file input.cif (mmCIF, C-alpha atoms)
data_target
loop_
_atom_site.label_atom_id
_atom_site.label_comp_id
_atom_site.auth_asym_id
_atom_site.auth_seq_id
_atom_site.Cartn_x
_atom_site.Cartn_y
_atom_site.Cartn_z
CA MET V 1 17.15 0.33 -13.70
CA SER V 2 16.64 -2.92 -11.87
CA ASP V 3 19.75 -4.47 -10.27
CA CYS V 4 19.21 -7.78 -12.07
CA GLY V 5 22.54 -7.42 -13.88
CA CYS V 6 20.88 -7.68 -17.28
CA GLY V 7 20.30 -5.41 -20.27
CA THR V 8 17.68 -2.69 -20.48
CA GLU V 9 15.16 -4.71 -22.47
CA GLN V 10 15.41 -7.72 -20.16
CA ALA V 11 15.24 -5.49 -17.08
CA GLU V 12 12.05 -3.85 -18.38
CA LYS V 13 10.54 -7.26 -19.05
CA LEU V 14 11.32 -8.30 -15.46
CA GLU V 15 9.78 -5.07 -14.17
CA ARG V 16 6.58 -5.72 -16.14
CA THR V 17 6.35 -9.28 -14.85
CA THR V 18 6.94 -8.18 -11.26
CA LEU V 19 4.40 -5.35 -11.47
CA THR V 20 1.80 -7.70 -12.96
CA TYR V 21 2.17 -10.06 -9.99
CA LEU V 22 1.96 -7.14 -7.57
CA LEU V 23 -1.16 -5.80 -9.29
CA VAL V 24 -2.95 -9.16 -9.10
CA ILE V 25 -1.99 -9.81 -5.46
CA ASN V 26 -2.99 -6.34 -4.26
CA GLY V 27 -6.21 -6.31 -6.29
CA ALA V 28 -7.27 -9.64 -4.79
CA MET V 29 -6.35 -8.60 -1.25
CA PHE V 30 -8.25 -5.32 -1.62
CA VAL V 31 -11.47 -7.25 -2.31
CA ILE V 32 -10.83 -9.75 0.51
CA GLU V 33 -9.94 -7.14 3.13
CA ALA V 34 -12.75 -4.78 2.13
CA VAL V 35 -15.39 -7.51 2.40
CA PHE V 36 -14.11 -8.88 5.70
CA GLY V 37 -13.40 -5.37 7.01
CA VAL V 38 -17.09 -4.54 6.66
CA ILE V 39 -18.14 -7.89 8.18
CA ALA V 40 -15.67 -7.48 11.08
CA GLN V 41 -16.53 -3.78 11.54
CA SER V 42 -12.79 -3.11 11.48
CA THR V 43 -11.38 0.30 10.62
CA GLY V 44 -7.93 -1.27 10.50
CA LEU V 45 -8.92 -3.81 7.84
CA ILE V 46 -10.84 -1.24 5.82
CA ALA V 47 -7.86 1.14 5.97
CA ASP V 48 -5.56 -1.65 4.85
CA SER V 49 -7.93 -2.66 2.04
CA LEU V 50 -7.94 0.91 0.69
CA ASP V 51 -4.16 0.89 0.93
CA MET V 52 -4.21 -2.27 -1.19
CA LEU V 53 -6.51 -0.54 -3.69
CA ALA V 54 -4.15 2.43 -3.93
CA ASP V 55 -1.22 0.07 -4.41
CA ALA V 56 -3.03 -1.88 -7.13
CA ALA V 57 -3.74 1.38 -8.97
CA VAL V 58 -0.12 2.42 -8.56
CA TYR V 59 1.19 -0.88 -9.88
CA GLY V 60 -1.14 -0.58 -12.86
CA ILE V 61 0.14 2.92 -13.61
CA SER V 62 3.75 1.83 -13.11
CA LEU V 63 3.19 -1.11 -15.45
CA TYR V 64 2.01 1.31 -18.12
CA VAL V 65 5.13 3.53 -17.90
CA VAL V 66 7.83 0.83 -17.81
CA GLY V 67 10.45 1.81 -20.37
CA LYS V 68 8.71 5.09 -21.26
CA GLY V 69 11.29 7.48 -19.83
CA VAL V 70 11.92 9.34 -16.59
CA ALA V 71 9.34 12.09 -17.27
CA ARG V 72 6.41 9.68 -17.64
CA GLN V 73 7.61 7.57 -14.74
CA ALA V 74 7.77 10.69 -12.55
CA LYS V 75 4.24 11.67 -13.62
CA ALA V 76 3.02 8.18 -12.75
CA ALA V 77 4.68 8.41 -9.35
CA THR V 78 3.05 11.82 -8.79
CA VAL V 79 -0.40 10.40 -9.53
CA SER V 80 0.38 7.49 -7.22
CA GLY V 81 1.45 9.80 -4.43
CA TRP V 82 -1.70 11.93 -4.60
CA LEU V 83 -3.87 8.80 -4.71
CA GLN V 84 -2.24 7.54 -1.52
CA ILE V 85 -2.80 10.88 0.23
CA ILE V 86 -6.48 11.12 -0.80
CA LEU V 87 -7.27 7.58 0.34
CA GLY V 88 -5.35 8.07 3.59
CA VAL V 89 -7.34 11.20 4.43
CA GLY V 90 -10.56 9.35 3.57
CA VAL V 91 -9.70 6.63 6.08
CA LEU V 92 -9.02 9.23 8.77
CA PHE V 93 -12.57 10.52 8.26
CA ASP V 94 -13.86 6.94 8.57
CA VAL V 95 -11.97 6.54 11.86
CA LEU V 96 -13.63 9.70 13.16
CA ARG V 97 -17.04 8.49 11.99
CA ARG V 98 -16.68 5.14 13.74
CA TYR V 99 -15.37 6.82 16.89
CA LEU V 100 -18.45 9.03 17.06
CA LEU V 101 -21.05 6.48 15.96
CA GLY V 102 -19.53 3.35 17.49
CA SER V 103 -18.37 -0.03 16.15
CA ASP V 104 -17.95 -3.64 17.31
CA PRO V 105 -14.74 -5.02 15.71
CA GLN V 106 -14.42 -8.83 15.57
CA SER V 107 -10.93 -9.65 16.84
CA ILE V 108 -10.48 -13.21 15.51
CA LEU V 109 -11.57 -12.23 12.02
CA ILE V 110 -9.30 -9.17 12.09
CA MET V 111 -6.26 -11.26 13.05
CA SER V 112 -7.02 -14.00 10.50
CA VAL V 113 -7.42 -11.62 7.56
CA GLY V 114 -4.46 -9.57 8.80
CA LEU V 115 -2.23 -12.65 8.69
CA ALA V 116 -3.36 -13.43 5.14
CA ALA V 117 -2.62 -9.85 4.08
CA LEU V 118 0.79 -9.99 5.76
CA ALA V 119 1.69 -13.15 3.83
CA ALA V 120 0.58 -11.48 0.59
CA ASN V 121 2.60 -8.33 1.25
CA ILE V 122 5.75 -10.20 2.27
CA THR V 123 5.48 -11.96 -1.08
CA CYS V 124 5.16 -8.55 -2.79
CA LEU V 125 8.17 -7.24 -0.87
CA MET V 126 10.27 -10.20 -2.00
CA LEU V 127 9.18 -9.68 -5.62
CA ILE V 128 9.95 -5.94 -5.66
CA SER V 129 13.22 -6.11 -3.66
CA LYS V 130 15.36 -6.62 -6.78
CA HIS V 131 13.93 -3.46 -8.33
CA ARG V 132 14.06 -1.08 -5.35
CA ASP V 133 16.99 0.85 -6.87
CA GLY V 134 15.29 1.17 -10.27
CA GLY V 135 13.23 4.04 -11.70
CA VAL V 136 11.11 6.30 -9.50
CA HIS V 137 8.01 4.21 -10.32
CA MET V 138 9.74 1.09 -8.96
CA ARG V 139 11.06 2.92 -5.89
CA ALA V 140 7.49 4.03 -5.23
CA SER V 141 6.39 0.39 -5.44
CA TRP V 142 9.07 -0.56 -2.89
CA ILE V 143 7.82 2.14 -0.50
CA PHE V 144 4.24 0.86 -0.84
CA SER V 145 5.19 -2.75 -0.14
CA THR V 146 7.30 -1.81 2.89
CA ASN V 147 4.49 0.32 4.35
CA ASP V 148 2.00 -2.49 3.73
CA VAL V 149 3.98 -5.00 5.79
CA ILE V 150 4.13 -2.53 8.70
CA ALA V 151 0.40 -1.87 8.37
CA ASN V 152 -0.42 -5.59 8.36
CA VAL V 153 1.50 -6.15 11.58
CA GLY V 154 -0.44 -3.25 13.09
CA VAL V 155 -3.77 -4.80 12.06
CA ILE V 156 -2.84 -8.13 13.65
CA VAL V 157 -1.74 -6.42 16.87
CA SER V 158 -4.97 -4.39 16.95
CA GLY V 159 -7.02 -7.57 16.62
CA ALA V 160 -5.12 -9.11 19.52
CA LEU V 161 -5.63 -6.00 21.68
CA VAL V 162 -9.35 -5.86 20.85
CA TRP V 163 -9.60 -9.46 22.07
CA LEU V 164 -7.46 -8.95 25.20
CA LEU V 165 -8.92 -5.60 26.28
CA GLY V 166 -12.49 -6.03 25.05
CA SER V 167 -12.26 -2.56 23.54
CA ARG V 168 -12.79 -1.17 20.03
CA HIS V 169 -10.22 1.58 20.51
CA PRO V 170 -7.12 -0.41 19.38
CA ASP V 171 -8.80 -0.95 16.00
CA LEU V 172 -9.54 2.76 15.66
CA VAL V 173 -6.00 3.71 16.65
CA VAL V 174 -4.43 1.29 14.17
CA GLY V 175 -6.79 2.48 11.43
CA ALA V 176 -5.66 6.06 12.09
CA VAL V 177 -1.98 5.04 12.17
CA ILE V 178 -2.26 3.13 8.87
CA ALA V 179 -3.98 6.12 7.27
CA THR V 180 -1.17 8.38 8.52
CA VAL V 181 1.48 6.00 7.15
CA VAL V 182 -0.33 5.99 3.80
CA VAL V 183 -0.39 9.80 3.70
CA ARG V 184 3.30 10.03 4.66
CA GLY V 185 4.17 7.46 2.00
CA GLY V 186 2.28 9.52 -0.57
CA ILE V 187 4.19 12.66 0.42
CA LYS V 188 7.51 10.80 0.17
CA ILE V 189 6.61 9.56 -3.31
CA LEU V 190 5.72 13.10 -4.43
CA GLN V 191 9.11 14.26 -3.18
CA GLU V 192 10.87 11.42 -5.05
CA ALA V 193 8.96 12.25 -8.23
CA LYS V 194 9.88 15.93 -7.96
CA SER V 195 13.52 15.08 -7.34
CA SER V 196 13.56 12.68 -10.28
CA THR V 197 12.04 15.30 -12.60
CA GLN V 198 14.55 17.96 -11.51
CA GLY V 199 17.39 15.49 -12.00
CA ALA V 200 16.21 14.69 -15.54
CA ILE V 201 15.98 18.41 -16.39
CA GLY V 202 19.42 19.11 -14.98
CA ALA V 203 21.03 16.18 -16.81
#

call {"tool": "encode", "arguments": {"input": "input.cif", "output": "structure tokens"}}
result
Amino acid sequence: MSDCGCGTEQAEKLERTTLTYLLVINGAMFVIEAVFGVIAQSTGLIADSLDMLADAAVYGISLYVVGKGVARQAKAATVSGWLQIILGVGVLFDVLRRYLLGSDPQSILIMSVGLAALAANITCLMLISKHRDGGVHMRASWIFSTNDVIANVGVIVSGALVWLLGSRHPDLVVGAVIATVVVRGGIKILQEAKSSTQGAIGA
């Protein structure tokens, strides 16, 4: 349960409100980063946009299972974890494709959109912080938001390095790193979901 110090019904209402905000923010940032990622030819931005898409899907699933018991919450977390892993692997293939075929990332655009995404994800992190010790679906949301902030910083740094070095490689490296973080986050969520399910069975 959320550490809001309130009853179950009020805590669930707060969870729903928080998840709704997170869903809207991540959905909007997915569209923004995807569009500008294509324009900027940035693997880092595209990787981050797909991460936002995965998060939006996860928040939608989590919103559906609020108050519906540990078993459903664990199933939702499991779906979320696999979604993260699949998208992360997809981005790794995109990194390889761009490495082989070439790209021309636009540094200023990368940094500008990266800053906007960072502001959005810090807002998400602040919203979810009160629920990070709640159900497995809320802990998964906390993991996503934390990873997103790290990824955003990486995108901004890659944009700066592209500008300073005149090379596309920083963007490719950061895209690969973000994809790896996404996959690792998905694995961690699967582990949390499994642990939560075993705990419910043993209770």

call {"tool": "residues_around", "arguments": {"input": "input.cif", "residues": "Asn152 of chain V", "least_positions_apart": "5", "cutoff": "7 Å", "atoms": "only C-alpha atoms", "output": "ChimeraX atom specification"}}
result
/V:114,117-118

call {"tool": "resolve_selection", "arguments": {"input": "input.cif", "expression": "the PyMOL selection byres ((chain V and resi 89) around 12)", "output": "number ranges by chain"}}
result
V: 47, 50-51, 82-88, 90-96, 175-184, 186

call {"tool": "atom_distance", "arguments": {"input": "input.cif", "atom1": "atom CA of Ala28 of chain V", "atom2": "atom CA of Ala116 of chain V"}}
result
11.3 Å

call {"tool": "residues_around", "arguments": {"input": "input.cif", "residues": "Arg98 of chain V", "least_positions_apart": "5", "cutoff": "9 Å", "atoms": "all atoms listed in the file", "output": "list in words"}}
result
Thr43, Phe93, Ser103 and Leu172 of chain V

call {"tool": "write_last_selection", "arguments": {"input": "input.cif", "atoms": "C-alpha atoms", "output": "PDB file, keeping the file's coordinate frame"}}
result
ATOM      1  CA  THR V  43     -11.380   0.300  10.620  1.00  0.00           C
ATOM      2  CA  PHE V  93     -12.570  10.520   8.260  1.00  0.00           C
ATOM      3  CA  SER V 103     -18.370  -0.030  16.150  1.00  0.00           C
ATOM      4  CA  LEU V 172      -9.540   2.760  15.660  1.00  0.00           C
TER       5      LEU V 172
END

call {"tool": "closest_residue", "arguments": {"input": "input.cif", "among": "V:Ser49, V:Ser107, V:Ser195, V:Ser62", "to": "Ala160 of chain V", "atoms": "all atoms listed in the file"}}
result
V:Ser107

call {"tool": "residues_around", "arguments": {"input": "input.cif", "residues": "Leu125 of chain V", "least_positions_apart": "2", "cutoff": "12 Å", "atoms": "all atoms listed in the file", "output": "mmCIF file with C-alpha atoms, in the coordinates of the input"}}
result
data_model
loop_
_atom_site.group_PDB
_atom_site.id
_atom_site.type_symbol
_atom_site.label_atom_id
_atom_site.label_comp_id
_atom_site.auth_asym_id
_atom_site.auth_seq_id
_atom_site.Cartn_x
_atom_site.Cartn_y
_atom_site.Cartn_z
ATOM 1 C CA THR V 18 6.940 -8.180 -11.260
ATOM 2 C CA LEU V 19 4.400 -5.350 -11.470
ATOM 3 C CA TYR V 21 2.170 -10.060 -9.990
ATOM 4 C CA LEU V 22 1.960 -7.140 -7.570
ATOM 5 C CA ILE V 25 -1.990 -9.810 -5.460
ATOM 6 C CA ASN V 26 -2.990 -6.340 -4.260
ATOM 7 C CA LEU V 118 0.790 -9.990 5.760
ATOM 8 C CA ALA V 119 1.690 -13.150 3.830
ATOM 9 C CA ALA V 120 0.580 -11.480 0.590
ATOM 10 C CA ASN V 121 2.600 -8.330 1.250
ATOM 11 C CA ILE V 122 5.750 -10.200 2.270
ATOM 12 C CA THR V 123 5.480 -11.960 -1.080
ATOM 13 C CA LEU V 127 9.180 -9.680 -5.620
ATOM 14 C CA ILE V 128 9.950 -5.940 -5.660
ATOM 15 C CA SER V 129 13.220 -6.110 -3.660
ATOM 16 C CA LYS V 130 15.360 -6.620 -6.780
ATOM 17 C CA HIS V 131 13.930 -3.460 -8.330
ATOM 18 C CA ARG V 132 14.060 -1.080 -5.350
ATOM 19 C CA MET V 138 9.740 1.090 -8.960
ATOM 20 C CA ARG V 139 11.060 2.920 -5.890
ATOM 21 C CA SER V 141 6.390 0.390 -5.440
ATOM 22 C CA TRP V 142 9.070 -0.560 -2.890
ATOM 23 C CA ILE V 143 7.820 2.140 -0.500
ATOM 24 C CA PHE V 144 4.240 0.860 -0.840
ATOM 25 C CA SER V 145 5.190 -2.750 -0.140
ATOM 26 C CA THR V 146 7.300 -1.810 2.890
ATOM 27 C CA ASN V 147 4.490 0.320 4.350
ATOM 28 C CA ASP V 148 2.000 -2.490 3.730
ATOM 29 C CA VAL V 149 3.980 -5.000 5.790
ATOM 30 C CA ILE V 150 4.130 -2.530 8.700
#

call {"tool": "atom_distance", "arguments": {"input": "input.cif", "atom1": "atom CA of Leu53 of chain V", "atom2": "atom CA of Val79 of chain V"}}
result
13.8 Å

call {"tool": "residues_around", "arguments": {"input": "input.cif", "residues": "Leu109 of chain V", "least_positions_apart": "3", "cutoff": "8 Å", "atoms": "all atoms listed in the file", "output": "list in words"}}
result
Phe36, Ala40, Gln106, Ser112, Val113 and Gly159 of chain V

call {"tool": "atom_distance", "arguments": {"input": "input.cif", "atom1": "atom CA of Ile189 of chain V", "atom2": "atom CA of Ala76 of chain V"}}
result
10.2 Å

call {"tool": "closest_residue", "arguments": {"input": "input.cif", "among": "V:Ile110, V:Ala71, V:Leu63, V:Val157", "to": "Ala34 of chain V", "atoms": "only C-alpha atoms"}}
result
V:Ile110

call {"tool": "residues_around", "arguments": {"input": "input.cif", "residues": "Ser158 of chain V", "least_positions_apart": "5", "cutoff": "7 Å", "atoms": "all atoms listed in the file", "output": "list in words"}}
result
Pro170, Asp171 and Val174 of chain V

call {"tool": "write_last_selection", "arguments": {"input": "input.cif", "atoms": "C-alpha atoms", "output": "PDB file, in the coordinates of the input"}}
result
ATOM      1  CA  PRO V 170      -7.120  -0.410  19.380  1.00  0.00           C
ATOM      2  CA  ASP V 171      -8.800  -0.950  16.000  1.00  0.00           C
ATOM      3  CA  VAL V 174      -4.430   1.290  14.170  1.00  0.00           C
TER       4      VAL V 174
END

call {"tool": "residues_near_point", "arguments": {"input": "input.cif", "point": "(4.1, -4.1, -15.7)", "cutoff": "10 Å", "atoms": "only C-alpha atoms", "output": "list in words"}}
result
Glu12, Lys13, Leu14, Glu15, Arg16, Thr17, Thr18, Leu19, Thr20, Tyr21, Leu22, Leu23, Tyr59, Gly60, Ile61, Ser62, Leu63, Tyr64, Val65, Val66 and Gly67 of chain V

call {"tool": "closest_residue", "arguments": {"input": "input.cif", "among": "V:Met126, V:Leu45, V:Val58, V:Ile187", "to": "Gly27 of chain V", "atoms": "all atoms listed in the file"}}
result
V:Val58

call {"tool": "closest_residue", "arguments": {"input": "input.cif", "among": "V:Ala74, V:Val162, V:Ile39, V:Leu115", "to": "Gln191 of chain V", "atoms": "all atoms listed in the file"}}
result
V:Ala74

call {"tool": "build_atoms", "arguments": {"input": "input.cif", "residues": "segment 72-93 of chain V", "atoms": "N, CA, C and O atoms", "output": "PDB file, keeping the file's coordinate frame"}}
result
ATOM      1  N   ARG V  72       7.679  10.379 -17.814  1.00  0.00           N
ATOM      2  CA  ARG V  72       6.410   9.680 -17.640  1.00  0.00           C
ATOM      3  C   ARG V  72       6.391   8.887 -16.341  1.00  0.00           C
ATOM      4  O   ARG V  72       5.355   8.792 -15.668  1.00  0.00           O
ATOM      5  N   GLN V  73       7.532   8.316 -15.989  1.00  0.00           N
ATOM      6  CA  GLN V  73       7.610   7.570 -14.740  1.00  0.00           C
ATOM      7  C   GLN V  73       7.386   8.498 -13.546  1.00  0.00           C
ATOM      8  O   GLN V  73       6.707   8.151 -12.583  1.00  0.00           O
ATOM      9  N   ALA V  74       7.951   9.709 -13.622  1.00  0.00           N
ATOM     10  CA  ALA V  74       7.770  10.690 -12.550  1.00  0.00           C
ATOM     11  C   ALA V  74       6.310  11.127 -12.462  1.00  0.00           C
ATOM     12  O   ALA V  74       5.764  11.295 -11.360  1.00  0.00           O
ATOM     13  N   LYS V  75       5.664  11.302 -13.620  1.00  0.00           N
ATOM     14  CA  LYS V  75       4.240  11.670 -13.620  1.00  0.00           C
ATOM     15  C   LYS V  75       3.402  10.560 -12.991  1.00  0.00           C
ATOM     16  O   LYS V  75       2.460  10.823 -12.235  1.00  0.00           O
ATOM     17  N   ALA V  76       3.743   9.318 -13.316  1.00  0.00           N
ATOM     18  CA  ALA V  76       3.020   8.180 -12.750  1.00  0.00           C
ATOM     19  C   ALA V  76       3.191   8.143 -11.234  1.00  0.00           C
ATOM     20  O   ALA V  76       2.235   7.899 -10.486  1.00  0.00           O
ATOM     21  N   ALA V  77       4.414   8.397 -10.785  1.00  0.00           N
ATOM     22  CA  ALA V  77       4.680   8.410  -9.350  1.00  0.00           C
ATOM     23  C   ALA V  77       3.911   9.542  -8.671  1.00  0.00           C
ATOM     24  O   ALA V  77       3.409   9.381  -7.552  1.00  0.00           O
ATOM     25  N   THR V  78       3.793  10.681  -9.347  1.00  0.00           N
ATOM     26  CA  THR V  78       3.050  11.820  -8.790  1.00  0.00           C
ATOM     27  C   THR V  78       1.581  11.463  -8.612  1.00  0.00           C
ATOM     28  O   THR V  78       0.976  11.734  -7.560  1.00  0.00           O
ATOM     29  N   VAL V  79       0.990  10.843  -9.630  1.00  0.00           N
ATOM     30  CA  VAL V  79      -0.400  10.400  -9.530  1.00  0.00           C
ATOM     31  C   VAL V  79      -0.553   9.399  -8.378  1.00  0.00           C
ATOM     32  O   VAL V  79      -1.505   9.472  -7.584  1.00  0.00           O
ATOM     33  N   SER V  80       0.408   8.491  -8.281  1.00  0.00           N
ATOM     34  CA  SER V  80       0.380   7.490  -7.220  1.00  0.00           C
ATOM     35  C   SER V  80       0.423   8.137  -5.847  1.00  0.00           C
ATOM     36  O   SER V  80      -0.319   7.751  -4.931  1.00  0.00           O
ATOM     37  N   GLY V  81       1.299   9.120  -5.701  1.00  0.00           N
ATOM     38  CA  GLY V  81       1.450   9.800  -4.430  1.00  0.00           C
ATOM     39  C   GLY V  81       0.175  10.506  -3.994  1.00  0.00           C
ATOM     40  O   GLY V  81      -0.269  10.385  -2.838  1.00  0.00           O
ATOM     41  N   TRP V  82      -0.458  11.233  -4.920  1.00  0.00           N
ATOM     42  CA  TRP V  82      -1.700  11.930  -4.600  1.00  0.00           C
ATOM     43  C   TRP V  82      -2.821  10.955  -4.270  1.00  0.00           C
ATOM     44  O   TRP V  82      -3.649  11.211  -3.390  1.00  0.00           O
ATOM     45  N   LEU V  83      -2.858   9.816  -4.973  1.00  0.00           N
ATOM     46  CA  LEU V  83      -3.870   8.800  -4.710  1.00  0.00           C
ATOM     47  C   LEU V  83      -3.727   8.274  -3.285  1.00  0.00           C
ATOM     48  O   LEU V  83      -4.721   8.118  -2.562  1.00  0.00           O
ATOM     49  N   GLN V  84      -2.487   8.017  -2.882  1.00  0.00           N
ATOM     50  CA  GLN V  84      -2.240   7.540  -1.520  1.00  0.00           C
ATOM     51  C   GLN V  84      -2.729   8.554  -0.495  1.00  0.00           C
ATOM     52  O   GLN V  84      -3.369   8.205   0.490  1.00  0.00           O
ATOM     53  N   ILE V  85      -2.418   9.818  -0.720  1.00  0.00           N
ATOM     54  CA  ILE V  85      -2.800  10.880   0.230  1.00  0.00           C
ATOM     55  C   ILE V  85      -4.317  10.993   0.342  1.00  0.00           C
ATOM     56  O   ILE V  85      -4.868  11.070   1.447  1.00  0.00           O
ATOM     57  N   ILE V  86      -5.017  10.988  -0.796  1.00  0.00           N
ATOM     58  CA  ILE V  86      -6.480  11.120  -0.800  1.00  0.00           C
ATOM     59  C   ILE V  86      -7.140   9.962  -0.053  1.00  0.00           C
ATOM     60  O   ILE V  86      -8.041  10.156   0.782  1.00  0.00           O
ATOM     61  N   LEU V  87      -6.697   8.738  -0.331  1.00  0.00           N
ATOM     62  CA  LEU V  87      -7.270   7.580   0.340  1.00  0.00           C
ATOM     63  C   LEU V  87      -6.954   7.586   1.833  1.00  0.00           C
ATOM     64  O   LEU V  87      -7.802   7.229   2.665  1.00  0.00           O
ATOM     65  N   GLY V  88      -5.731   7.990   2.183  1.00  0.00           N
ATOM     66  CA  GLY V  88      -5.350   8.070   3.590  1.00  0.00           C
ATOM     67  C   GLY V  88      -6.228   9.039   4.361  1.00  0.00           C
ATOM     68  O   GLY V  88      -6.691   8.746   5.475  1.00  0.00           O
ATOM     69  N   VAL V  89      -6.474  10.204   3.786  1.00  0.00           N
ATOM     70  CA  VAL V  89      -7.340  11.200   4.430  1.00  0.00           C
ATOM     71  C   VAL V  89      -8.769  10.666   4.545  1.00  0.00           C
ATOM     72  O   VAL V  89      -9.446  10.873   5.562  1.00  0.00           O
ATOM     73  N   GLY V  90      -9.229   9.949   3.524  1.00  0.00           N
ATOM     74  CA  GLY V  90     -10.560   9.350   3.570  1.00  0.00           C
ATOM     75  C   GLY V  90     -10.703   8.371   4.726  1.00  0.00           C
ATOM     76  O   GLY V  90     -11.741   8.343   5.397  1.00  0.00           O
ATOM     77  N   VAL V  91      -9.664   7.581   4.969  1.00  0.00           N
ATOM     78  CA  VAL V  91      -9.700   6.630   6.080  1.00  0.00           C
ATOM     79  C   VAL V  91      -9.724   7.350   7.421  1.00  0.00           C
ATOM     80  O   VAL V  91     -10.408   6.923   8.365  1.00  0.00           O
ATOM     81  N   LEU V  92      -9.008   8.451   7.535  1.00  0.00           N
ATOM     82  CA  LEU V  92      -9.020   9.230   8.770  1.00  0.00           C
ATOM     83  C   LEU V  92     -10.446   9.719   9.088  1.00  0.00           C
ATOM     84  O   LEU V  92     -10.873   9.720  10.251  1.00  0.00           O
ATOM     85  N   PHE V  93     -11.173  10.117   8.060  1.00  0.00           N
ATOM     86  CA  PHE V  93     -12.570  10.520   8.260  1.00  0.00           C
ATOM     87  C   PHE V  93     -13.419   9.330   8.710  1.00  0.00           C
ATOM     88  O   PHE V  93     -14.332   9.472   9.537  1.00  0.00           O
TER      89      PHE V  93
END
